[in-house]
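Q: Contents are PDB, C-alpha atoms; file name start21.pdb:
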ATOM      1  CA  PHE B   1      77.091  62.806 -63.847
ATOM      2  CA  HIS B   2      74.649  63.071 -60.955
ATOM      3  CA  THR B   3      74.745  63.747 -57.231
ATOM      4  CA  ASP B   4      71.968  63.963 -54.649
ATOM      5  CA  LEU B   5      71.542  67.657 -55.522
ATOM      6  CA  PHE B   6      72.432  68.060 -59.206
ATOM      7  CA  GLU B   7      72.562  66.088 -62.446
ATOM      8  CA  GLY B   8      74.048  67.143 -65.730
ATOM      9  CA  THR B   9      76.999  67.215 -68.105
ATOM     10  CA  ALA B  10      80.491  68.647 -67.672
ATOM     11  CA  LEU B  11      82.934  69.902 -70.304
ATOM     12  CA  PHE B  12      86.587  70.669 -69.541
ATOM     13  CA  ARG B  13      89.166  72.274 -71.784
ATOM     14  CA  ILE B  14      92.764  72.457 -70.532
ATOM     15  CA  LYS B  15      95.543  74.172 -72.455
ATOM     16  CA  LEU B  16      98.703  72.063 -72.469
ATOM     17  CA  ARG B  17     100.743  73.622 -75.290
ATOM     18  CA  LYS B  18     101.280  76.877 -77.149
ATOM     19  CA  ASP B  19      98.689  78.204 -79.567
ATOM     20  CA  GLU B  20      98.455  76.550 -82.935
ATOM     21  CA  ASN B  21      97.865  78.470 -86.151
ATOM     22  CA  PRO B  22      94.395  77.373 -87.224
ATOM     23  CA  PRO B  23      93.316  77.281 -90.862
ATOM     24  CA  PRO B  24      90.959  80.076 -92.012
ATOM     25  CA  THR B  25      87.896  77.829 -91.686
ATOM     26  CA  ALA B  26      88.963  76.279 -88.382
ATOM     27  CA  ASP B  27      86.450  74.733 -86.024
ATOM     28  CA  GLU B  28      86.211  77.112 -83.051
ATOM     29  CA  CYS B  29      85.630  74.181 -80.683
ATOM     30  CA  LYS B  30      88.872  72.474 -81.767
ATOM     31  CA  TYR B  31      90.960  75.665 -81.578
ATOM     32  CA  TYR B  32      89.246  77.097 -78.507
ATOM     33  CA  PHE B  33      92.347  78.647 -76.907
ATOM     34  CA  THR B  34      93.752  80.246 -80.063
ATOM     35  CA  GLY B  35      93.872  84.024 -79.653
ATOM     36  CA  ARG B  36      92.774  83.833 -76.008
ATOM     37  CA  LYS B  37      94.757  84.236 -72.788
ATOM     38  CA  ARG B  38      92.679  81.497 -71.187
ATOM     39  CA  THR B  39      94.295  78.255 -70.087
ATOM     40  CA  PHE B  40      91.225  76.528 -68.669
ATOM     41  CA  GLN B  41      87.495  76.336 -69.310
ATOM     42  CA  ALA B  42      84.792  74.361 -67.535
ATOM     43  CA  VAL B  43      81.110  74.288 -68.458
ATOM     44  CA  ILE B  44      78.546  72.632 -66.206
ATOM     45  CA  LYS B  45      75.069  72.157 -67.659
ATOM     46  CA  GLY B  46      72.170  70.461 -65.906
ATOM     47  CA  ARG B  47      69.357  70.710 -63.380
ATOM     48  CA  PHE B  48      69.072  70.955 -59.627
ATOM     49  CA  ARG B  49      67.237  67.994 -58.129
ATOM     50  CA  GLN B  50      65.578  70.158 -55.470
ATOM     51  CA  PRO B  51      65.051  73.890 -54.886
ATOM     52  CA  ILE B  52      68.163  75.363 -53.251
ATOM     53  CA  PRO B  53      68.719  79.004 -52.214
ATOM     54  CA  VAL B  54      71.099  80.630 -54.656
ATOM     55  CA  SER B  55      72.948  82.248 -51.749
ATOM     56  CA  ALA B  56      73.633  78.793 -50.244
ATOM     57  CA  CYS B  57      75.718  77.654 -53.228
ATOM     58  CA  ALA B  58      79.450  78.266 -53.422
ATOM     59  CA  THR B  59      82.356  77.256 -55.629
ATOM     60  CA  GLY B  60      86.119  77.213 -55.095
ATOM     61  CA  GLN B  61      88.687  74.839 -53.605
ATOM     62  CA  VAL B  62      88.465  72.492 -50.616
ATOM     63  CA  PHE B  63      91.411  70.429 -49.356
ATOM     64  CA  ASN B  64      91.616  67.466 -46.981
ATOM     65  CA  ARG B  65      94.861  68.575 -45.332
ATOM     66  CA  PRO B  66      96.856  71.791 -44.874
ATOM     67  CA  PRO B  67      99.181  73.071 -47.601
ATOM     68  CA  SER B  68     102.957  72.734 -47.434
ATOM     69  CA  LYS B  69     105.921  74.731 -48.761
ATOM     70  CA  LEU B  70     103.939  77.956 -48.935
ATOM     71  CA  PRO B  71     105.300  80.829 -51.061
ATOM     72  CA  PRO B  72     106.765  83.889 -49.286
ATOM     73  CA  LYS B  73     104.340  86.083 -47.354
ATOM     74  CA  LEU B  74     104.639  88.856 -49.946
ATOM     75  CA  VAL B  75     103.434  86.476 -52.648
ATOM     76  CA  LEU B  76     100.633  85.121 -50.456
ATOM     77  CA  HIS B  77      99.489  88.644 -49.604
ATOM     78  CA  GLY B  78      99.480  89.565 -53.274
ATOM     79  CA  ALA B  79      97.545  86.416 -54.151
ATOM     80  CA  VAL B  80      94.865  87.076 -51.536
ATOM     81  CA  LYS B  81      94.563  90.690 -52.693
ATOM     82  CA  LEU B  82      94.151  89.558 -56.307
ATOM     83  CA  PHE B  83      91.556  86.901 -55.471
ATOM     84  CA  LYS B  84      89.595  89.354 -53.318
ATOM     85  CA  LYS B  85      89.536  91.799 -56.212
ATOM     86  CA  LEU B  86      88.201  89.095 -58.530
ATOM     87  CA  SER B  87      85.665  87.878 -55.954
ATOM     88  CA  PRO B  88      84.777  90.404 -53.200
ATOM     89  CA  GLN B  89      82.761  87.782 -51.257
ATOM     90  CA  LEU B  90      85.683  85.317 -51.172
ATOM     91  CA  ILE B  91      85.855  83.206 -48.010
ATOM     92  CA  LEU B  92      89.388  82.162 -47.048
ATOM     93  CA  ASP B  93      90.272  79.577 -44.413
ATOM     94  CA  PHE B  94      93.856  78.317 -44.564
ATOM     95  CA  ASP B  95      94.227  77.725 -40.814
ATOM     96  CA  GLY B  96      91.843  74.789 -40.312
ATOM     97  CA  LYS B  97      92.409  71.092 -40.861
ATOM     98  CA  THR B  98      90.481  71.311 -44.150
ATOM     99  CA  PRO B  99      91.659  74.557 -45.834
ATOM    100  CA  LYS B 100      89.279  76.093 -48.310
ATOM    101  CA  PHE B 101      88.453  79.181 -50.279
ATOM    102  CA  LEU B 102      84.913  79.648 -51.496
ATOM    103  CA  SER B 103      82.933  82.286 -53.352
ATOM    104  CA  PRO B 104      79.315  82.599 -54.524
ATOM    105  CA  LEU B 105      78.469  80.228 -57.369
ATOM    106  CA  ALA B 106      76.042  82.664 -59.030
ATOM    107  CA  SER B 107      78.543  85.525 -59.156
ATOM    108  CA  THR B 108      81.811  83.614 -59.658
ATOM    109  CA  ALA B 109      80.899  81.875 -62.918
ATOM    110  CA  GLN B 110      81.837  84.030 -65.900
ATOM    111  CA  ASN B 111      78.606  83.226 -67.746
ATOM    112  CA  VAL B 112      75.326  81.805 -66.441
ATOM    113  CA  LYS B 113      71.990  81.117 -68.097
ATOM    114  CA  ALA B 114      68.794  79.261 -67.230
ATOM    115  CA  ASP B 115      66.589  77.560 -69.837
ATOM    116  CA  ASP B 116      63.071  76.305 -69.143
ATOM    117  CA  ILE B 117      62.539  72.536 -69.314
ATOM    118  CA  THR B 118      59.342  71.396 -71.029
ATOM    119  CA  ASP B 119      57.173  68.442 -69.989
ATOM    120  CA  SER B 120      58.974  66.350 -72.601
ATOM    121  CA  GLY B 121      62.321  67.117 -70.992
ATOM    122  CA  GLU B 122      63.514  69.462 -73.759
ATOM    123  CA  THR B 123      64.826  72.946 -73.083
ATOM    124  CA  THR B 124      63.220  76.045 -74.561
ATOM    125  CA  ARG B 125      65.515  78.678 -76.045
ATOM    126  CA  PRO B 126      65.397  81.466 -78.625
ATOM    127  CA  PRO B 127      65.649  80.549 -82.324
ATOM    128  CA  ASN B 128      69.152  80.082 -83.732
ATOM    129  CA  ILE B 129      70.591  79.528 -80.224
ATOM    130  CA  SER B 130      72.429  76.198 -79.999
ATOM    131  CA  ASN B 131      72.132  74.033 -76.909
ATOM    132  CA  SER B 132      75.529  72.432 -77.499
ATOM    133  CA  ILE B 133      77.779  72.504 -74.437
ATOM    134  CA  GLU B 134      80.793  73.017 -76.733
ATOM    135  CA  LEU B 135      79.678  76.309 -78.273
ATOM    136  CA  PRO B 136      80.034  79.785 -76.698
ATOM    137  CA  MET B 137      77.327  80.762 -74.200
ATOM    138  CA  PRO B 138      77.468  84.551 -73.778
ATOM    139  CA  GLU B 139      75.833  86.120 -70.753
ATOM    140  CA  PRO B 140      72.135  86.851 -71.469
ATOM    141  CA  ASP B 141      70.795  90.380 -71.274
ATOM    142  CA  PRO B 142      69.098  91.088 -67.890
ATOM    143  CA  ALA B 143      65.728  91.347 -69.677
ATOM    144  CA  ASP B 144      66.214  87.926 -71.282
ATOM    145  CA  PRO B 145      64.078  85.209 -69.605
ATOM    146  CA  ARG B 146      67.245  83.058 -69.422
ATOM    147  CA  SER B 147      69.054  85.612 -67.221
ATOM    148  CA  LEU B 148      69.484  84.946 -63.484
ATOM    149  CA  HIS B 149      68.256  88.497 -62.913
ATOM    150  CA  GLN B 150      64.783  87.222 -63.717
ATOM    151  CA  CYS B 151      64.750  84.906 -60.697
ATOM    152  CA  LEU B 152      65.687  87.861 -58.492
ATOM    153  CA  LEU B 153      62.685  89.769 -59.835
ATOM    154  CA  ARG B 154      60.348  86.837 -59.199
ATOM    155  CA  SER B 155      61.630  86.345 -55.662
ATOM    156  CA  GLY B 156      60.274  89.667 -54.400
ATOM    157  CA  ASN B 157      63.633  90.834 -52.990
ATOM    158  CA  ASN B 158      63.011  94.407 -54.153
ATOM    159  CA  GLN B 159      65.660  94.054 -56.842
ATOM    160  CA  SER B 160      65.438  96.375 -59.808
ATOM    161  CA  LEU B 161      66.384  95.116 -63.247
ATOM    162  CA  PRO B 162      69.693  96.559 -64.529
ATOM    163  CA  LYS B 163      69.589  98.455 -67.775
ATOM    164  CA  SER B 164      69.911  96.356 -70.888
ATOM    165  CA  SER B 165      73.410  96.372 -72.293
ATOM    166  CA  GLY B 166      75.022  95.310 -75.519
ATOM    167  CA  THR B 167      78.325  94.309 -73.891
ATOM    168  CA  ILE B 168      78.822  90.914 -72.292
ATOM    169  CA  GLN B 169      81.230  92.387 -69.724
ATOM    170  CA  SER B 170      78.653  94.843 -68.370
ATOM    171  CA  ARG B 171      76.030  92.071 -68.143
ATOM    172  CA  MET B 172      78.452  89.894 -66.201
ATOM    173  CA  LYS B 173      79.347  92.777 -63.893
ATOM    174  CA  ALA B 174      75.687  93.497 -63.137
ATOM    175  CA  ARG B 175      74.956  89.854 -62.292
ATOM    176  CA  LYS B 176      78.043  89.545 -60.096
ATOM    177  CA  LYS B 177      77.101  92.673 -58.158
ATOM    178  CA  ALA B 178      73.501  91.522 -57.602
ATOM    179  CA  PHE B 179      74.385  88.009 -56.461
ATOM    180  CA  ASP B 180      77.329  89.105 -54.314
ATOM    181  CA  ARG B 181      74.750  91.135 -52.397
ATOM    182  CA  ASN B 182      72.402  88.147 -52.259
ATOM    183  CA  PHE B 183      75.225  85.931 -50.923
ATOM    184  CA  SER B 184      76.409  88.395 -48.262
ATOM    185  CA  ARG B 185      72.870  88.697 -46.879
ATOM    186  CA  LYS B 186      72.336  84.896 -46.903
ATOM    187  CA  GLU B 187      68.890  85.432 -48.415
ATOM    188  CA  GLN B 188      66.573  82.409 -48.651
ATOM    189  CA  GLU B 189      65.258  83.608 -52.030
ATOM    190  CA  PRO B 190      65.622  83.210 -54.927
ATOM    191  CA  ARG B 191      66.189  79.481 -55.321
ATOM    192  CA  PHE B 192      67.562  77.383 -58.137
ATOM    193  CA  ASP B 193      64.546  75.845 -59.896
ATOM    194  CA  PRO B 194      64.483  72.084 -60.686
ATOM    195  CA  ASN B 195      62.327  72.907 -63.718
ATOM    196  CA  LYS B 196      65.150  74.815 -65.402
ATOM    197  CA  GLU B 197      68.398  73.731 -67.017
ATOM    198  CA  TYR B 198      71.289  75.860 -65.795
ATOM    199  CA  SER B 199      74.576  76.429 -67.596
ATOM    200  CA  PHE B 200      77.634  77.704 -65.723
ATOM    201  CA  GLU B 201      80.825  78.636 -67.568
ATOM    202  CA  PHE B 202      84.141  79.126 -65.765
ATOM    203  CA  PHE B 203      87.432  80.123 -67.346
ATOM    204  CA  GLN B 204      90.732  81.587 -66.161
ATOM    205  CA  HIS B 205      94.293  82.321 -67.290
ATOM    206  CA  LEU B 206      96.348  82.153 -64.076
ATOM    207  CA  LEU B 207      96.856  78.384 -64.020
ATOM    208  CA  HIS B 208      99.352  76.803 -66.399
ATOM    209  CA  PHE B 209      98.822  73.089 -66.672
ATOM    210  CA  GLU B 210     101.887  72.180 -68.731
ATOM    211  CA  ASP B 211     104.005  72.628 -65.580
ATOM    212  CA  PHE B 212     101.148  72.888 -63.030
ATOM    213  CA  SER B 213     101.977  76.404 -61.904
ATOM    214  CA  LEU B 214     100.171  79.573 -60.892
ATOM    215  CA  ASP B 215     101.126  82.937 -62.386
ATOM    216  CA  LEU B 216     100.100  85.765 -60.063
ATOM    217  CA  GLY B 217     102.277  88.380 -61.714
ATOM    218  CA  ILE B 218     104.429  88.400 -58.552
ATOM    219  CA  GLY B 219     107.777  86.639 -58.624
ATOM    220  CA  GLY B 220     107.074  84.556 -61.720
ATOM    221  CA  ARG B 221     105.244  81.245 -61.798
ATOM    222  CA  HIS B 222     104.805  79.226 -58.625
ATOM    223  CA  LYS B 223     104.723  75.433 -58.828
ATOM    224  CA  LEU B 224     101.633  74.014 -57.132
ATOM    225  CA  ALA B 225     102.548  70.399 -56.391
ATOM    226  CA  GLY B 226     104.477  71.151 -53.202
ATOM    227  CA  VAL B 227     102.088  73.862 -52.059
ATOM    228  CA  LEU B 228      99.047  71.590 -52.444
ATOM    229  CA  ASN B 229     100.666  68.832 -50.388
ATOM    230  CA  ASN B 230     100.035  66.310 -53.200
ATOM    231  CA  GLN B 231      96.323  67.154 -53.432
ATOM    232  CA  PRO B 232      94.476  67.814 -56.701
ATOM    233  CA  LEU B 233      92.732  70.992 -57.672
ATOM    234  CA  LYS B 234      88.959  70.796 -57.888
ATOM    235  CA  CYS B 235      86.224  72.007 -60.127
ATOM    236  CA  MET B 236      83.441  71.991 -57.566
ATOM    237  CA  ALA B 237      80.290  73.601 -56.259
ATOM    238  CA  ALA B 238      78.518  72.848 -53.013
ATOM    239  CA  ARG B 239      75.594  73.791 -50.821
ATOM    240  CA  TYR B 240      76.305  75.000 -47.309
ATOM    241  CA  ARG B 241      73.979  75.581 -44.357
ATOM    242  CA  LEU B 242      72.685  79.152 -44.259
ATOM    243  CA  ASP B 243      71.838  78.785 -40.550
ATOM    244  CA  ARG B 244      75.480  78.169 -39.601
ATOM    245  CA  SER B 245      78.315  80.646 -39.291
ATOM    246  CA  GLY B 246      80.977  78.390 -40.846
ATOM    247  CA  TYR B 247      81.392  76.603 -44.150
ATOM    248  CA  ASP B 248      82.524  73.174 -42.964
ATOM    249  CA  ASP B 249      79.217  71.404 -43.606
ATOM    250  CA  LEU B 250      79.199  71.142 -47.410
ATOM    251  CA  ASP B 251      77.016  68.991 -49.673
ATOM    252  CA  TYR B 252      78.519  68.786 -53.150
ATOM    253  CA  LEU B 253      76.542  69.731 -56.233
ATOM    254  CA  TRP B 254      79.492  68.500 -58.279
ATOM    255  CA  ALA B 255      83.173  67.860 -57.601
ATOM    256  CA  PHE B 256      85.830  66.867 -60.145
ATOM    257  CA  ASP B 257      89.483  66.366 -59.210
ATOM    258  CA  ILE B 258      92.128  67.765 -61.572
ATOM    259  CA  TRP B 259      95.378  65.839 -61.203
ATOM    260  CA  HIS B 260      98.844  66.493 -62.615
ATOM    261  CA  LYS B 261     101.734  64.055 -62.817
ATOM    262  CA  SER B 262     103.843  66.287 -60.550
ATOM    263  CA  LEU B 263     101.424  65.526 -57.699
ATOM    264  CA  GLN B 264     102.337  61.855 -57.944
ATOM    265  CA  THR B 265     106.099  62.432 -57.935
ATOM    266  CA  GLN B 266     106.270  65.213 -55.326
ATOM    267  CA  LYS B 267     107.957  64.166 -52.062
TER     268      LYS B 267
END
What would the structure in this file look like if it were written as structure tokens?

A:
Amino acid sequence: FHTDLFEGTALFRIKLRKDENPPPTADECKYYFTGRKRTFQAVIKGRFRQPIPVSACATGQVFNRPPSKLPPKLVLHGAVKLFKKLSPQLILDFDGKTPKFLSPLASTAQNVKADDITDSGETTRPPNISNSIELPMPEPDPADPRSLHQCLLRSGNNQSLPKSSGTIQSRMKARKKAFDRNFSRKEQEPRFDPNKEYSFEFFQHLLHFEDFSLDLGIGGRHKLAGVLNNQPLKCMAARYRLDRSGYDDLDYLWAFDIWHKSLQTQK
């Protein structure tokens, strides 16, 4: 796919049935969800077509019309509290004509890496590291040249490099903290580099696609078709204007609609 701002490849995995029992030598790609709570994975891999401030890029959901049949206020309050815990910089706007909730791209993705692109168009990476979009892409160590922390160091924003860590969770936490700060300050640097290939991995376990519901741990599962007012979910990222106070002026990096049959039959 390509847009005016980004070009690349997208991979989506959506869990639609219960776990299967894989054979001992099972292909991990084929049995991706086995043994995992996840119900969805998206991987976006590609290059930015122009330098863009990292803090100007957000991901989330954007709708063309207001929701309908909202859950009770207690459930909504619990949902907002949960989402804020997962993404402290979450921007919520359910009152406008185009409701949205957005969070920083660089800190929302579960795993992010940046590979250099050579003059021949190939990416450089360490030995024995596959470039396949289907294989796992664990968060690089902060000292790894592929880590987003490196662009913070080069930008001169007085950022210190976090200590190296052997756990993926601590690496993710350090990146999220650094780029949440970058987003809140609307800093012009660092910028996504057109000479690098970026990989963003997103996954979650709250959405259940077999019945298109959301499980917040409050009051069971909540069907989404009525709430969304017959609108699809999105896998999207966009650039917004740093010199404006709102987030209505968005230019999409990518945007994929995720439909379910219940959206077509909902009245």

Q: Just so the selection is clear, what residues does the PyMOL selection byres ((chain B and resi 99) around 7) cover here, as number ranges by chain?

A: B: 62-63, 65-66, 93-98, 100

Q: Kindly indicate which residue among B:Trp254, B:Phe40, B:Trp259, B:Phe209 lies nearest to Pro232 (chain B), using all atoms listed in the file for the distances.

A: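 Closest to Pro232 (chain B), using all atoms listed in the file: B:Trp259.
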
Q: Of the candidates B:Asp144, B:Asp180, B:Asp248, B:Asp115, which one gets nearest to Leu90 (chain B) if we count all atoms listed in the file?

A: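 Selected residue with least distance to Leu90 (chain B): B:Asp180.
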
Q: Could you pull the residues within 12 Å of Arg185 (chain B), counting all atoms listed in the file, minus those fewer than 2 positions along the same chain, as a ChimeraX atom specification?

A: /B:53-56,89,104,157,178-183,187-189,242-243

Q: What's the separation between CA of Lys15 (chain B) and CA of Phe256 (chain B), in Å to one decimal place?

A: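 CA of Lys15 (chain B) sits 17.3 Å away from CA of Phe256 (chain B).
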
Q: I'd like to know which of B:Ala10, B:Ile52, B:Leu206, B:Leu16 is closest to Arg239 (chain B), using all atoms listed in the file.

A: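 Of B:Ala10, B:Ile52, B:Leu206, B:Leu16, the one nearest Arg239 (chain B), counting all atoms listed in the file, is B:Ile52.
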
Q: Need to verify the contact set: Asn195 (chain B), 9 Å, all atoms listed in the file, exclusion of same-chain residues closer than 3 positions in sequence. Can you return it as a list in words?

A: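 Residues meeting the cut-off are Arg47, Phe48, Arg49, Asp115, Asp116, Ile117, Thr118 and Phe192 of chain B.
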
Q: Work out how far apart CA of Phe6 (chain B) and CA of Leu253 (chain B) are and give it in Å to one decimal.

A: 5.3 Å
